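Colleague: The structure is given below, and queries will be raised subsequently.
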Amino acid sequence: MGPVVGRARGKLLLFGEHAAVYGHPAVGVSLPDETVVALDGSGDPDWGLDSMAAEDREPVRDALVRVEEKVPRLAENGRCSVSVRGSVARRAGFGSSAALCGALSRAALLRAGEDGADLPRVWEVAHHAERRFHGTPSGVDTGLALLGGTVIFRPRPPALPAYQVIPAAGVSLVVAAVRRDEACADLVRGLAVRMKAGDRTVTDAISALGELSGFACSVLRGGGPGAPRYMGMLADAAMRRLSAVGLGTPELDLLLEAARRAGALGAKLSGAGGGGAFYAVAPDAEAAAVIAGRIKDAAADAGVPLLLPPRTVTA
């Protein structure tokens with residue numbers, strides 16, 4: 001059997017991190033970066049993972065086992081060699097595990113003789129595989145990995161979220177990432193424990209983050225010249241709430257403030273927090289270039305390593 005290839009994209013979550021797990025809306029944008037998985041050969045007793053780094057083999061094998069659980073016909077052709085390549089920044093909050101699971105699922109369905117473009121089916125398989133990396137994923141990350149564009153999600157557990165792909169509102173975002181202090185799963189688990197215990201700081205923050213996400217969805221749907229200003233205000237308000245529950249870091253705060261001083265209308269982390277991905281809302285594309293340069297300079301001056309240098313995307 002000839003090689004089959006699956007692709008999926010990185011993501012930037014704009015609003016709704018943590019809150020989406022508790023039923024609040026979320027909104028994000030797919031990034032141009034891709035993860036590409038190729039499955040080649042037939043009849044092997046095990047998945048051939050020799051082409052990838054040793055530390056990646058176990059999680060990829062585990063994800064493939066989960067894919068097999070959802071795609072029984074995959075086993076009919078036997079296991080084969082697996083190669084993974086791509087440009088999605090890893091361990092930074094850009095959905096690298098979701099992109100991997102999306103790409104694996106598309107390739108696996110093609111290999112099993114199914115339609116790799118059947119979004120509900122691919123999303124179902126990718127969501128199941130993503131549990132290898134995040135025990136109770138919301139489905140938002142894998143949705144962004146597969147859908148493309150700017151997407152609004154409304155959770156409906158235990159089913160996958162309802163979604164709406166909306167036209168870009170033309171909001172320029174400067175995106176970058178710093179190192180993380182904690183693993184994503186640890187951060188999510190820690191908040192879950194505090195939520196269950198009734199910690200008012202956390203419960204109030206989650207409620208506020210959900211409300212802010214709902215406002216952001218309305219702003220992006222409406223678009224118009226005022227969208228960047230409103231998105232900036234919402235980003236700053238959300239960041240205050242995220243910081244209140246311990247998801248900010250001194251390095252991240254320094255660069256967010258540098259962005260604001262350079263003309264950003266607002267700035268916040270993206271994803272689980274504890275460092276990682278962040279973005280700043282620019283008034284326009286020209287201002288975005290200035291903000292990106294200032295973030296880069298501020299990081300260099302403070303000795304803060306950037307996992308992803310600043311660049312501009314549009315929501």
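FYI, nothing fancy with the structure tokens labels: chains A, B, ... in order, residues from 1 per chain, ligands from 1 as they appear.
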Could you give me, as an NGL selection string, each residue of stretch 1-242 of chain A that DSSP assigns to strand (DSSP E) when run on this structure's backbone?
Modeller: :A and (4-15 or 26-44 or 79-86 or 150-156 or 159-166 or 172-180)
Colleague: Near stretch 222-236 of chain A, counting only C-alpha atoms, which residues have an atom at most 12 Å away, once you skip same-chain residues fewer than 5 positions from it, shown as a PyMOL selection string?
Modeller: chain A and resi 13-16+27+166-174+208-217+241-243+253+256-257+259-260+263-270+278-285+287-288+314-315
Colleague: Identify all residues of stretch 174-271 of chain A in helix (DSSP H, G or I) (DSSP on the backbone) and supply them as a PDB file with C-alpha atoms, in the first residue's frame.
Modeller:
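Below is the file that was written, result_32.pdb:
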```
ATOM      1  CA  CYS A 184      -0.400  22.266  30.563  1.00  0.00           C
ATOM      2  CA  ALA A 185      -2.019  19.236  32.180  1.00  0.00           C
ATOM      3  CA  ASP A 186      -0.708  20.207  35.632  1.00  0.00           C
ATOM      4  CA  LEU A 187      -2.130  23.708  35.310  1.00  0.00           C
ATOM      5  CA  VAL A 188      -5.544  22.439  34.246  1.00  0.00           C
ATOM      6  CA  ARG A 189      -5.634  19.851  37.018  1.00  0.00           C
ATOM      7  CA  GLY A 190      -4.663  22.441  39.616  1.00  0.00           C
ATOM      8  CA  LEU A 191      -7.517  24.743  38.608  1.00  0.00           C
ATOM      9  CA  ALA A 192      -9.930  21.811  38.514  1.00  0.00           C
ATOM     10  CA  VAL A 193      -9.050  20.917  42.101  1.00  0.00           C
ATOM     11  CA  ARG A 194      -9.593  24.503  43.219  1.00  0.00           C
ATOM     12  CA  MET A 195     -12.894  24.702  41.317  1.00  0.00           C
ATOM     13  CA  LYS A 196     -14.141  21.509  42.954  1.00  0.00           C
ATOM     14  CA  ARG A 200     -14.102  31.716  45.090  1.00  0.00           C
ATOM     15  CA  THR A 201     -11.116  33.300  43.386  1.00  0.00           C
ATOM     16  CA  VAL A 202     -11.139  30.514  40.794  1.00  0.00           C
ATOM     17  CA  THR A 203     -14.908  30.169  40.403  1.00  0.00           C
ATOM     18  CA  ASP A 204     -15.307  33.922  39.945  1.00  0.00           C
ATOM     19  CA  ALA A 205     -12.416  34.017  37.474  1.00  0.00           C
ATOM     20  CA  ILE A 206     -13.837  31.175  35.378  1.00  0.00           C
ATOM     21  CA  SER A 207     -17.236  32.841  35.269  1.00  0.00           C
ATOM     22  CA  ALA A 208     -15.691  36.177  34.250  1.00  0.00           C
ATOM     23  CA  LEU A 209     -13.473  34.544  31.620  1.00  0.00           C
ATOM     24  CA  GLY A 210     -16.525  32.861  30.134  1.00  0.00           C
ATOM     25  CA  GLU A 211     -18.409  36.158  30.014  1.00  0.00           C
ATOM     26  CA  LEU A 212     -15.459  37.937  28.389  1.00  0.00           C
ATOM     27  CA  SER A 213     -15.220  35.166  25.817  1.00  0.00           C
ATOM     28  CA  GLY A 214     -18.880  35.642  24.959  1.00  0.00           C
ATOM     29  CA  PHE A 215     -18.292  39.385  24.451  1.00  0.00           C
ATOM     30  CA  ALA A 216     -15.285  38.635  22.213  1.00  0.00           C
ATOM     31  CA  CYS A 217     -17.389  36.284  20.082  1.00  0.00           C
ATOM     32  CA  SER A 218     -19.876  39.107  19.519  1.00  0.00           C
ATOM     33  CA  VAL A 219     -17.130  41.581  18.635  1.00  0.00           C
ATOM     34  CA  LEU A 220     -15.541  39.250  16.108  1.00  0.00           C
ATOM     35  CA  ARG A 221     -18.894  38.396  14.541  1.00  0.00           C
ATOM     36  CA  GLY A 222     -19.688  42.077  14.148  1.00  0.00           C
ATOM     37  CA  ALA A 227     -13.208  45.625  16.719  1.00  0.00           C
ATOM     38  CA  PRO A 228      -9.484  46.000  17.560  1.00  0.00           C
ATOM     39  CA  ARG A 229     -10.170  48.452  20.405  1.00  0.00           C
ATOM     40  CA  TYR A 230     -12.826  46.214  21.973  1.00  0.00           C
ATOM     41  CA  MET A 231     -10.685  43.107  21.547  1.00  0.00           C
ATOM     42  CA  GLY A 232      -7.810  44.861  23.280  1.00  0.00           C
ATOM     43  CA  MET A 233      -9.988  45.875  26.230  1.00  0.00           C
ATOM     44  CA  LEU A 234     -11.301  42.330  26.556  1.00  0.00           C
ATOM     45  CA  ALA A 235      -7.793  40.880  26.341  1.00  0.00           C
ATOM     46  CA  ASP A 236      -6.555  43.041  29.204  1.00  0.00           C
ATOM     47  CA  ALA A 237      -9.611  42.215  31.323  1.00  0.00           C
ATOM     48  CA  ALA A 238      -9.121  38.488  30.707  1.00  0.00           C
ATOM     49  CA  MET A 239      -5.431  38.702  31.532  1.00  0.00           C
ATOM     50  CA  ARG A 240      -6.207  40.273  34.896  1.00  0.00           C
ATOM     51  CA  ARG A 241      -8.441  37.323  35.714  1.00  0.00           C
ATOM     52  CA  LEU A 242      -5.874  34.779  34.517  1.00  0.00           C
ATOM     53  CA  SER A 243      -3.188  36.435  36.621  1.00  0.00           C
ATOM     54  CA  ALA A 244      -5.465  36.367  39.659  1.00  0.00           C
ATOM     55  CA  PRO A 250       7.076  37.561  35.450  1.00  0.00           C
ATOM     56  CA  GLU A 251       8.589  36.915  31.993  1.00  0.00           C
ATOM     57  CA  LEU A 252       5.187  36.928  30.344  1.00  0.00           C
ATOM     58  CA  ASP A 253       4.028  40.028  32.220  1.00  0.00           C
ATOM     59  CA  LEU A 254       7.166  41.897  31.163  1.00  0.00           C
ATOM     60  CA  LEU A 255       6.555  41.229  27.470  1.00  0.00           C
ATOM     61  CA  LEU A 256       2.828  41.955  27.633  1.00  0.00           C
ATOM     62  CA  GLU A 257       3.599  45.322  29.196  1.00  0.00           C
ATOM     63  CA  ALA A 258       6.262  46.001  26.563  1.00  0.00           C
ATOM     64  CA  ALA A 259       3.633  45.359  23.890  1.00  0.00           C
ATOM     65  CA  ARG A 260       1.204  47.766  25.525  1.00  0.00           C
ATOM     66  CA  ARG A 261       3.870  50.490  25.776  1.00  0.00           C
TER      67      ARG A 261
END
```
